[in-house]
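Asks: Sharing work.pdb (PDB, C-alpha atoms) below.
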ATOM      1  CA  MET I  24     -29.023  -6.554  28.341
ATOM      2  CA  MET I  25     -25.737  -5.283  26.865
ATOM      3  CA  ARG I  26     -27.367  -5.017  23.450
ATOM      4  CA  GLN I  27     -30.039  -2.743  24.908
ATOM      5  CA  VAL I  28     -27.412  -0.584  26.602
ATOM      6  CA  ASP I  29     -25.434  -0.326  23.366
ATOM      7  CA  LYS I  30     -28.576   0.608  21.450
ATOM      8  CA  HIS I  31     -29.437   3.265  24.025
ATOM      9  CA  ARG I  32     -25.935   4.729  23.891
ATOM     10  CA  ALA I  33     -26.113   4.794  20.078
ATOM     11  CA  MET I  34     -29.373   6.737  20.269
ATOM     12  CA  LEU I  35     -27.814   9.203  22.722
ATOM     13  CA  ARG I  36     -24.928   9.733  20.281
ATOM     14  CA  ARG I  37     -27.507  10.152  17.498
ATOM     15  CA  GLU I  38     -25.809   7.436  15.471
ATOM     16  CA  PRO I  39     -28.843   6.822  13.231
ATOM     17  CA  LEU I  40     -28.362  10.341  11.849
ATOM     18  CA  TRP I  41     -24.665  10.274  11.092
ATOM     19  CA  LYS I  42     -24.466   6.645  10.092
ATOM     20  CA  ARG I  43     -26.909   7.050   7.237
ATOM     21  CA  ARG I  44     -25.613   5.933   3.872
ATOM     22  CA  GLU I  45     -26.068   9.309   2.188
ATOM     23  CA  ARG I  46     -24.343  11.065   5.061
ATOM     24  CA  ARG I  47     -21.414   8.664   4.844
ATOM     25  CA  GLU I  48     -21.171   9.232   1.088
ATOM     26  CA  ALA I  49     -21.283  13.009   1.541
ATOM     27  CA  LEU I  50     -18.532  12.825   4.147
ATOM     28  CA  ALA I  51     -16.479  10.614   1.845
ATOM     29  CA  LEU I  52     -16.925  13.144  -0.978
ATOM     30  CA  ALA I  53     -15.937  16.025   1.290
ATOM     31  CA  THR I  54     -12.851  14.146   2.422
ATOM     32  CA  LYS I  55     -11.995  13.259  -1.168
ATOM     33  CA  LEU I  56     -12.326  16.887  -2.265
ATOM     34  CA  LYS I  57     -10.147  18.074   0.615
ATOM     35  CA  THR I  58      -7.362  15.803  -0.577
ATOM     36  CA  VAL I  59      -7.548  17.124  -4.164
ATOM     37  CA  PRO I  60      -5.374  20.250  -4.532
ATOM     38  CA  LEU I  61      -7.349  23.113  -6.005
ATOM     39  CA  GLU I  62      -4.555  24.319  -8.260
ATOM     40  CA  GLU I  63      -5.112  24.881 -11.960
ATOM     41  CA  ARG I  64      -2.943  21.924 -12.958
ATOM     42  CA  ASP I  65      -5.227  19.587 -11.001
ATOM     43  CA  ARG I  66      -8.421  20.854 -12.602
ATOM     44  CA  GLU I  67      -9.065  17.567 -14.379
ATOM     45  CA  ALA I  68      -8.696  15.592 -11.165
ATOM     46  CA  LEU I  69     -11.273  17.845  -9.517
ATOM     47  CA  LEU I  70     -13.653  17.497 -12.466
ATOM     48  CA  THR I  71     -13.279  13.718 -12.319
ATOM     49  CA  ALA I  72     -14.039  13.707  -8.596
ATOM     50  CA  LEU I  73     -17.074  15.944  -9.097
ATOM     51  CA  GLY I  74     -18.266  14.038 -12.159
ATOM     52  CA  ASP I  75     -19.330  11.104 -10.025
ATOM     53  CA  HIS I  76     -21.603  13.397  -8.006
ATOM     54  CA  LEU I  77     -22.728  15.806 -10.693
ATOM     55  CA  ASP I  78     -26.405  14.787 -10.489
ATOM     56  CA  THR I  79     -26.478  15.408  -6.752
ATOM     57  CA  LEU I  80     -24.804  18.791  -7.145
ATOM     58  CA  GLN I  81     -27.186  19.779  -9.927
ATOM     59  CA  ARG I  82     -30.246  18.843  -7.823
ATOM     60  CA  PHE I  83     -28.843  20.856  -4.918
ATOM     61  CA  ALA I  84     -28.198  23.889  -7.130
ATOM     62  CA  ALA I  85     -31.685  23.693  -8.650
ATOM     63  CA  HIS I  86     -33.221  23.473  -5.190
ATOM     64  CA  GLU I  87     -31.245  26.458  -3.922
ATOM     65  CA  ILE I  88     -32.149  28.554  -6.972
ATOM     66  CA  ALA I  89     -35.827  27.681  -6.556
ATOM     67  CA  ALA I  90     -35.677  28.627  -2.880
ATOM     68  CA  ARG I  91     -33.995  31.957  -3.666
ATOM     69  CA  LEU I  92     -36.568  32.679  -6.392
ATOM     70  CA  ALA I  93     -39.403  31.950  -3.959
ATOM     71  CA  ALA I  94     -37.813  34.200  -1.337
ATOM     72  CA  GLY I  95     -37.386  37.006  -3.851
ATOM     73  CA  ASP I  96     -33.586  37.057  -3.580
ATOM     74  CA  LEU I  97     -33.266  36.267  -7.301
ATOM     75  CA  PHE I  98     -35.273  37.317 -10.318
ATOM     76  CA  PRO I  99     -36.524  34.811 -12.936
ATOM     77  CA  GLY I 100     -33.859  34.194 -15.559
ATOM     78  CA  GLN I 101     -31.079  35.742 -13.489
ATOM     79  CA  VAL I 102     -29.475  32.341 -12.721
ATOM     80  CA  THR I 103     -30.073  28.936 -14.316
ATOM     81  CA  VAL I 104     -28.877  25.409 -13.736
TER      82      VAL I 104
END
Reformat the file's structure so that it appears as structure tokens.
Replies:
Amino acid sequence: MMRQVDKHRAMLRREPLWKRRERREALALATKLKTVPLEERDREALLTALGDHLDTLQRFAAHEIAARLAAGDLFPGQVTV
């Protein structure tokens, strides 16, 4: 009975959405980037932190550019990934 109540409460809190692995990794990345000072002397530390997630960032950028091209906000060749 308690297991059912706990499961119901988890669904009310929408835990399946925020406990997803990708979401946790994105939150970890955001937290990691917040701790890295954005000063010029720490540029290499930032690049190292971003290097682990470069593929994800590149896919996101490509998707956003494609969406903006489809919406007519950008012209072909104006921005590339």
Asks: If you count only C-alpha atoms, which residues fall within 12 Å of Ala89 (chain I), apart from same-chain ones fewer than 2 positions away, as a list in words?
Replies: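 The contact residues come out as Arg82, Phe83, Ala84, Ala85, His86, Glu87, Arg91, Leu92, Ala93, Ala94, Gly95, Asp96, Leu97, Phe98, Pro99, Gly100, Gln101, Val102, Thr103 and Val104 of chain I.
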Asks: Rounded to one decimal in Å, what is the spacing between CA of Leu77 (chain I) and CA of Glu38 (chain I)?
Replies: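 Computing it gives 27.6 Å between the two atoms.
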Asks: Compare I:Arg37, I:Ala53, I:Met25, I:Arg43 by their minimum atom-to-atom distance to Leu73 (chain I), counting all atoms listed in the file, and give me the closest one.
Replies: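 Using all atoms listed in the file, the shortest distance to Leu73 (chain I) belongs to I:Ala53.
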Asks: With distances taken over all atoms listed in the file, which residue among I:Val28, I:Ala72, I:Gln81, I:Leu35 lies nearest Thr54 (chain I)?
Replies: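 So, comparing all the options, the nearest one is I:Ala72.
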Asks: Do you have the CA of Arg44 (chain I)-CA of Asp65 (chain I) distance handy?
Replies: 28.7 Å
Asks: Name the residues that the PyMOL selection byres ((chain I and resi 52) around 12) pulls out of this structure, and write them as a VMD selection string.
Replies: chain I and resid 45 to 51 53 to 59 69 71 to 77 79 to 80
Asks: If I wrap all listed atoms of region 46-54 of chain I in a box with edges along x, y and z and add 6 Å on each side, what are its centre and edge lengths in Å to one decimal, as AutoDock Vina command-line options?
Replies:
--center_x -18.6 --center_y 12.3 --center_z 2.0 --size_x 23.5 --size_y 19.4 --size_z 18.0
